[in-house]
Structure formats: structure tokens, C-alpha cells
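Below you'll find the structure, written out as C-alpha cells, and then a few comments.
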Amino acid sequence: MNSTLKTRLSFFPVILLSLLIAMVGVGCGGGGGGTPTPPPPDPNQDASGLYNATGTASFTLIKAGGTVSLNITKGLISGNRFIFFNADISDPDSNVLYDGEITSITLTDLVGTADVYQRGQIVASGVAVTGTVNSRSRVQLTFAATPGVVGSLAGDFSGGSVDGTFDMAEYDKGASQTTIDSQSNAEWGTGTNTDRNVYMKILGMTTQTLVVSRTDDTYRLGTFNAGNVNNCFQNGGQVAIPDAAANIYTVGGDSITTTTIPSCPDLNGTSGYSGFAAVVDDAIDGQNNGIWYAITNGTYSIFAILSRP
């Protein structure tokens, strides 16, 4: 055997060993120095937020069964609950509030149920809701036609919709007890911007001023006239903050009871209200001097957009 062949054969085991080491290294991910691949993000969207919206609502006994336009609609979604209310006192028929629960979100598709209030009274319950949601961007809801509640002045609910745009600047301000607390003579509803205070006219309400104030960490909603007579008070509403990073407060609970002196007879003795509030900027009265406020109890609803000095 010549010397050249002997030399080549002597290198053959070395070549095989090198190939084996390389193959093992590749199979082990380069010696274990790689970064693990993170899990994919949750593909399901999140509806939480504050929304400026428009919408529609139809009732068989309102406007001859025509559709009511909801052009000044505010939305609050926290957890599985949502409330959208239309704050337009120029048209009482458009005083519509949707109070619902999100039962599931799959990718961008939303499913839920809702109660529908019109002029402060429930007109339909268990309404099927479908829609789409894009996190921190947009929510679109469709409410199915549903037989009306017995005794409702609106008749059957013929369907409705909401199209809301996420308000990042307001929602991301967060929440604190100091921010929502009102001071004596500076209650919500007493700001210099009173011409922009809008609210659902409470059933039986004989006055034209709606005020929300804090007393000993509870909230009191009242209506007043110039002589402070015929007032309607709603006492005991607790305010809580579910997430300090989000500008949504939960309001109420079973402790709320409405009494009359002697206004608002339809609400006398009612209880069990709950809902949401959000402290927003007011164009005239300034930063954090506006409030969105909406509560329901399964029979009645009350909502308002108010300012404070």
C-alpha cells in the first residue's frame, strides 16, 4: 500500500467523528444556547374601554315603528358588562340604554345578551347580541328583535345597533377615588357648563337639574328645583375601582334605594341599581371635570353626562 493511501485512510476516522459532532450539535439546537420561542398572543380581542358611538333602535309603538337614531351615544365596557346610552335630551324617544353581558369573544366575534331601556323603563330583556370587536379600536353590536316587556310603552323591540370608537385618551387616564370625589358646592351637575349637562329625564321628574354628589364615600343622585322642593333622592351608591389603570368606576349595588320628597313617584322605593361611571375632560370646565354616569336595576335606568366647576 502506497504512502498516499495510508495517509488518507488515517484521516478517515477523524472526518467521521467531526461529522457526528456536527450532527449532534444541530439536533440539540446549537448546544442549548437558543432562546425558547414565546407562546403566540391570545387571538381573542378585548372589548374593554370607553367608546364614543352612534347607533339605532326601533320599537313598534315609537315613531310608527320607525328607527330612532342614536347620535350622542357613550359606551362603557368593563369585564363582561357593557352599557351604551344615548344622551340626547332634545328627543326623549332617543333616550335609549343598552345594558348587556358579553358571554364570549372568539377572535373578533362577540356574543352576548342585553336589556333595552327606553325613556328610563325596560322595554325588552334577554335580547340576543352579536358583533365584532377590535381591541382598543372599535366595537360594533347588533341587537336582535325581541318581544317587548308587558306594559311597555315602546311596544316590541324591533332591533338596534351600536358602532363605537375606542377613546384611548380618556380610558388610559386611569381611575382614583380622589378623581371622582366631588366637593361641597362643586357636585357633578353644578359646573359653569350647565347648558351641556344632559341626562335622561327621570320618570315623574318635575325639576330640571340633576346632581350627583358624594357624602361619606357614598354617592347621592338628586333632582332639584330653584326652591329645593319636590326633590328626588337616590342614596347609598357605592363607588369602586375594578382596575386603577382604566378610567371606569363601578357604581351602586343593592344598597341604593330611591325615595321621593315627593317627586319621581315612579321610582319611589326602587332599589338594586348598579352601573358605571367615567371621569372625562370637559371642554369648558376643564380636565376631569366631566362625568359619564349610567345605572340600571332591571326595571329602570338613569344616565347622565354632567360637569362640575
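Residue names in the C-alpha cells use chain letters A, B, ... in the order shown, residue numbers from 1 in each chain, and ligand numbers from 1 in the order shown.
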Restrict the calculation to only C-alpha atoms, then for each residue of stretch 21-109 of chain A with any atom at most 10 Å from an atom of stretch 274-285 of chain A give the closest atom pair and their distance in Å to one decimal, rows by chain and rising residue number, as a tab-separated table.
residue	atom	partner	partner_atom	distance
A:Leu50	CA	A:Ala278	CA	8.2
A:Gly75	CA	A:Phe276	CA	9.7
A:Leu76	CA	A:Phe276	CA	7.0
A:Ile77	CA	A:Phe276	CA	8.6
A:Ser78	CA	A:Phe276	CA	8.6
A:Arg81	CA	A:Gly275	CA	9.0
A:Phe82	CA	A:Phe276	CA	8.9
A:Ile83	CA	A:Gly275	CA	7.7
A:Asp99	CA	A:Gly275	CA	8.8
Next, the residues of the selection above should be written as a CSV table (one decimal), in the first residue's frame with N, CA, C and O atoms.
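Below you can see part-v5.csv, which holds the result:
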chain,number,residue,atom,x,y,z
A,50,LEU,N,-63.7,52.8,26.9
A,50,LEU,CA,-64.7,53.8,26.8
A,50,LEU,C,-64.9,54.1,25.3
A,50,LEU,O,-63.9,54.1,24.5
A,75,GLY,N,-70.3,54.7,25.5
A,75,GLY,CA,-70.2,53.3,25.9
A,75,GLY,C,-69.2,53.1,26.9
A,75,GLY,O,-68.1,53.7,26.9
A,76,LEU,N,-69.5,52.2,27.9
A,76,LEU,CA,-68.5,51.8,28.9
A,76,LEU,C,-68.5,50.3,29.0
A,76,LEU,O,-69.6,49.7,29.2
A,77,ILE,N,-67.4,49.6,28.9
A,77,ILE,CA,-67.3,48.2,29.0
A,77,ILE,C,-66.2,47.8,29.9
A,77,ILE,O,-65.0,48.3,29.8
A,78,SER,N,-66.5,47.0,30.9
A,78,SER,CA,-65.6,46.6,32.0
A,78,SER,C,-65.9,45.2,32.3
A,78,SER,O,-67.1,44.9,32.7
A,81,ARG,N,-69.4,43.2,31.3
A,81,ARG,CA,-70.6,44.0,31.2
A,81,ARG,C,-70.4,45.2,30.3
A,81,ARG,O,-69.3,45.8,30.3
A,82,PHE,N,-71.4,45.6,29.6
A,82,PHE,CA,-71.3,46.8,28.8
A,82,PHE,C,-72.6,47.6,29.0
A,82,PHE,O,-73.7,47.1,29.2
A,83,ILE,N,-72.4,49.0,28.9
A,83,ILE,CA,-73.6,49.9,28.9
A,83,ILE,C,-73.3,50.9,27.8
A,83,ILE,O,-72.3,51.6,27.8
A,99,ASP,N,-77.9,47.7,28.2
A,99,ASP,CA,-77.2,47.1,29.3
A,99,ASP,C,-77.0,45.6,29.1
A,99,ASP,O,-78.0,44.9,29.1
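Relative to atom CA of A:Ile105, atom CA of A:Val133 is found at 8.3 Å.
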- Task: Check the smallest atom-to-atom distance from each of A:Glu101, A:Asp93, A:Asp156, A:Glu170 to A:Gln287 using only C-alpha atoms, then report the winner.
- Result: A:Glu170
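Among the candidates A:Thr250, A:Asn52, A:Ser213, A:Asn134, the one nearest to A:Glu187 when counting only C-alpha atoms is A:Ser213.
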- Task: For A:Thr299, please output as a count of residues only all residues within 6 Å (counting only C-alpha atoms; exclusion window: fewer than 2 positions along the same chain).
- Result: 3
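With only C-alpha atoms as the atoms that count, the minimum distance from A:Asp46 to the choices A:Thr73, A:Ser137, A:Thr113, A:Thr296 is reached by A:Ser137.
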- Looking at only C-alpha atoms, which of A:Gln238, A:Thr179, A:Ser104, A:Asn197 is the one that sits closest to A:Ala87? A:Asn197
- Of A:Pro92, A:Leu141, A:Thr35, A:Ala114, the one sitting nearest A:Ala47 when using only C-alpha atoms is A:Leu141
